[in-house]
Structures are given as C-alpha cells and as structure tokens.
Amino acid sequence: MIRGIIFDLDGVLTHTNEQHFQAWSELAQQLGASLPDQIKDDTRGISRMDSLAVVLAAIGQADRYSPQERFQLADTKNKRYQKLIEQFTSANLEPGAVELLQQLHAMGIKIALASASKNASTLIDRLDISHWFDYVIDPAKIKQGKPHPEMFLTAASELGLTPQECLGVEDAASGVEAIQQAGMKAIGIGTDAVVQADWRFKNLVEAADWLIVFLKEQNNGKR
Ligand code: B16
Ligand code: MG
C-alpha cells in the first residue's frame with residue numbers, strides 16, 4: 001500500500017535546469033571554454049561538487065585545480081545560480097504542482113522532498129510550497145548523493161514508512177536509480193534520462209492524473 005510520495009525538486013516541481021546550466025556555462029567561459037548542451041543532462045540531479053567534476057572533465061580541465069580551488073569554483077557557480085533564481089515565485093512552479101500536493105495531502109498521503117540541492121529549502125519557500133511537506137531532506141546531512149539510495153531511504157524513514165510504502169518522482173537518471181536502489185518504484189518525468197523509471201510521463205500534469213487514479217484504486221481495493 002502506497003502511503004508516501006517522495007518528490008525531487010528541480011525538473012519535477014519546478015524547472016531550474018536552465019539556470020544551473022547558465023551558471024555552469026558562465027563559469028566555463030571564465031575558464032576559457034564553452035559547455036556542450038549535454039551537460040544539462042549530465043549534471044541533472046547530482047550534487048554541486050559532482051557536477052563541477054563533470055563540467056571540468058567536459059572542458060578537459062579535470063586535473064587542473066586543487067581541492068580549495070574547486071570549492072571556490074563551485075562557490076562562484078552557486079552565487080551566480082542563486083542570483084538567477086532570486087526572483088522565483090509560485091509562478092515558477094510546474095503546472096499542476098500545487099493541485100497535486102493538495103490532492104495528496106487531502107488523501108492522507110505523506111509528502112517528502114528529496115532534492116540534492118542545498119538551495120532547495122530556500123527555493124520551496126519562494127515557490128510557496130514548504131507547508132505541503134511532512135519532511136524535507138537536508139542534503140548537507142546526506143553522506144552519499146544520488147544515485148545512492150540514502151536520500152530516499154532517509155525520507156521514507158523520516159515519514160515513518162517503509163520504502164515499499166513510498167513512490168519516488170524524478171527527472172534524472174541518477175534519481176531514478178536512487179529510488180529503485182531504495183526498493184521503491186519510480187515515476188519518471190520528462191526526458192530520455194528517465195527511461196529506467198517504472199512509469200514515465202511527459203510532464204507533471206500527466207503523472208499527477210495517473211497517480212491520483214492509482215492511489216484511489218488502491219484505496220478502493222482494486223490494487
Ligand atoms: P545546488 P534536484 C539538483 O536538484 C539539480 O538537478 C542539479 O543540477 C544540481 O547540481 C543539484 O541539485 C545541486 O544543487 O548546487 O543548488 O546544491 O534535481 O535533486 O532537486
Ligand atoms: Mg531533478
């Protein structure tokens with residue numbers, strides 16, 4: 001029986017992929033290089049420092065910087081990213097996001113956020129959706145990022161549920177893998193990145209329509 005839904009943030013409830021990419025691209029420019037579009041997918045869902053490693057490898061500068069310089073580079077990118085999302089409001093939510101959170105809450109389904117982003121709690125405040133979450137992962141306390149299952153296992157346990165009682169919703173290959181490694185089924189949104197998901201949808205509205213029917217059927221004993 002599904003009693004909890006664990007959401008990713010970027011690429012699921014809001015779209016910050018362009019802002020992340022722009023900030024990484026500007027950093028690459030400062031380092032005298034340009035980034036291929038593929039970096040958007042390659043950094044989806046993975047932590048800031050892991051993303052930096054992907055970016056530096058893509059521009060052939062993987063071994064050029066000390067750990068301290070790497071932190072500075074990541075910080076430069078993050079400051080630019082924070083500037084780019086400064087004006088985010090509820091208008092930046094994915095269509096259908098509030099309706100889905102409302103419906104899940106009304107059905108008594110527990111809701112958690114499992115985002116790799118250290119900016120996630122600021123972002124959900126700006127998006128005006130913080131109040132819908134029963135638990136929000138603090139990625140600073142997570143030892144192993146996606147695709148490791150730690151985030152999803154922690155979220156389930158904090159909701160007081162077993163992994164089998166939860167579904168995860170993701171837009172990234174790393175996230176889908178993390179959900180499945182946690183022993184949950186994965187709902188994939190959007191790109192080819194989620195081919196491994198148990199159910200795939202073009203966008204959140206389509207996923208929400210399906211999910212609400214799925215949960216109602218489950219409650220009526222049809223599943
Ligand atoms: P930050 P998600 C992820 O968020 C993004 O998809 C990924 O591109 C980013 O590198 C990561 O957060 C870390 O973000 O630099 O803000 O800590 O998809 O897990 O919600
Ligand atoms: Mg994501």
# chains A, B, ... in the order shown; residues from 1 in each chain; ligands from 1
>>> residues_near_ligand(ligand="ligand 1", cutoff="9 Å", atoms="only C-alpha atoms and all ligand atoms", output="ChimeraX atom specification")
/A:7-17,20-21,40-52,74-75,77-78,81-82,113-120,139-140,146,170-172,175
>>> select_by_dssp(residues="range 47-213 of chain A", states="strand (DSSP E)", output="list of chain:residue names")
A:Lys110, A:Ile111, A:Ala112, A:Leu113, A:Tyr135, A:Val136, A:Cys166, A:Leu167, A:Gly168, A:Val169, A:Glu170, A:Lys185, A:Ala186, A:Ile187, A:Gly188, A:Ile189, A:Trp199, A:Arg200, A:Phe201
>>> closest_residue(among="A:Ala28, A:Asp198, A:Leu215, A:Gly188", to="ligand 2", atoms="only C-alpha atoms and all ligand atoms")
A:Gly188
>>> select_by_dssp(residues="range 58-211 of chain A", states="helix (DSSP H, G or I)", output="JSON, numbers by chain")
{"A": [58, 67, 68, 69, 70, 71, 72, 73, 74, 75, 76, 77, 78, 79, 80, 81, 82, 83, 84, 90, 91, 92, 97, 98, 99, 100, 101, 102, 103, 104, 105, 106, 120, 121, 122, 123, 124, 125, 126, 127, 130, 131, 132, 139, 140, 141, 150, 151, 152, 153, 154, 155, 156, 157, 158, 159, 163, 164, 165, 173, 174, 175, 176, 177, 178, 179, 180, 181, 192, 193, 194, 204, 205, 206, 207, 208, 209, 210, 211]}
>>> residues_around(residues="Ile111 in chain A", least_positions_apart="4", cutoff="10 Å", atoms="only C-alpha atoms", output="PyMOL selection string")
chain A and resi 3-7+101+104-105+132-136+155-156+159+166
>>> atom_distance(atom1="CA of Ala178 in chain A", atom2="CA of Ile2 in chain A")
18.0 Å
>>> closest_atom_pairs(of="range 54-159 of chain A", to="range 199-214 of chain A", cutoff="7 Å", atoms="only C-alpha atoms", output="JSON lines")
{"residue": "A:Pro95", "atom": "CA", "partner": "A:Val205", "partner_atom": "CA", "distance": 6.6}
{"residue": "A:Gly96", "atom": "CA", "partner": "A:Val205", "partner_atom": "CA", "distance": 5.2}
{"residue": "A:Leu100", "atom": "CA", "partner": "A:Ala208", "partner_atom": "CA", "distance": 6.1}
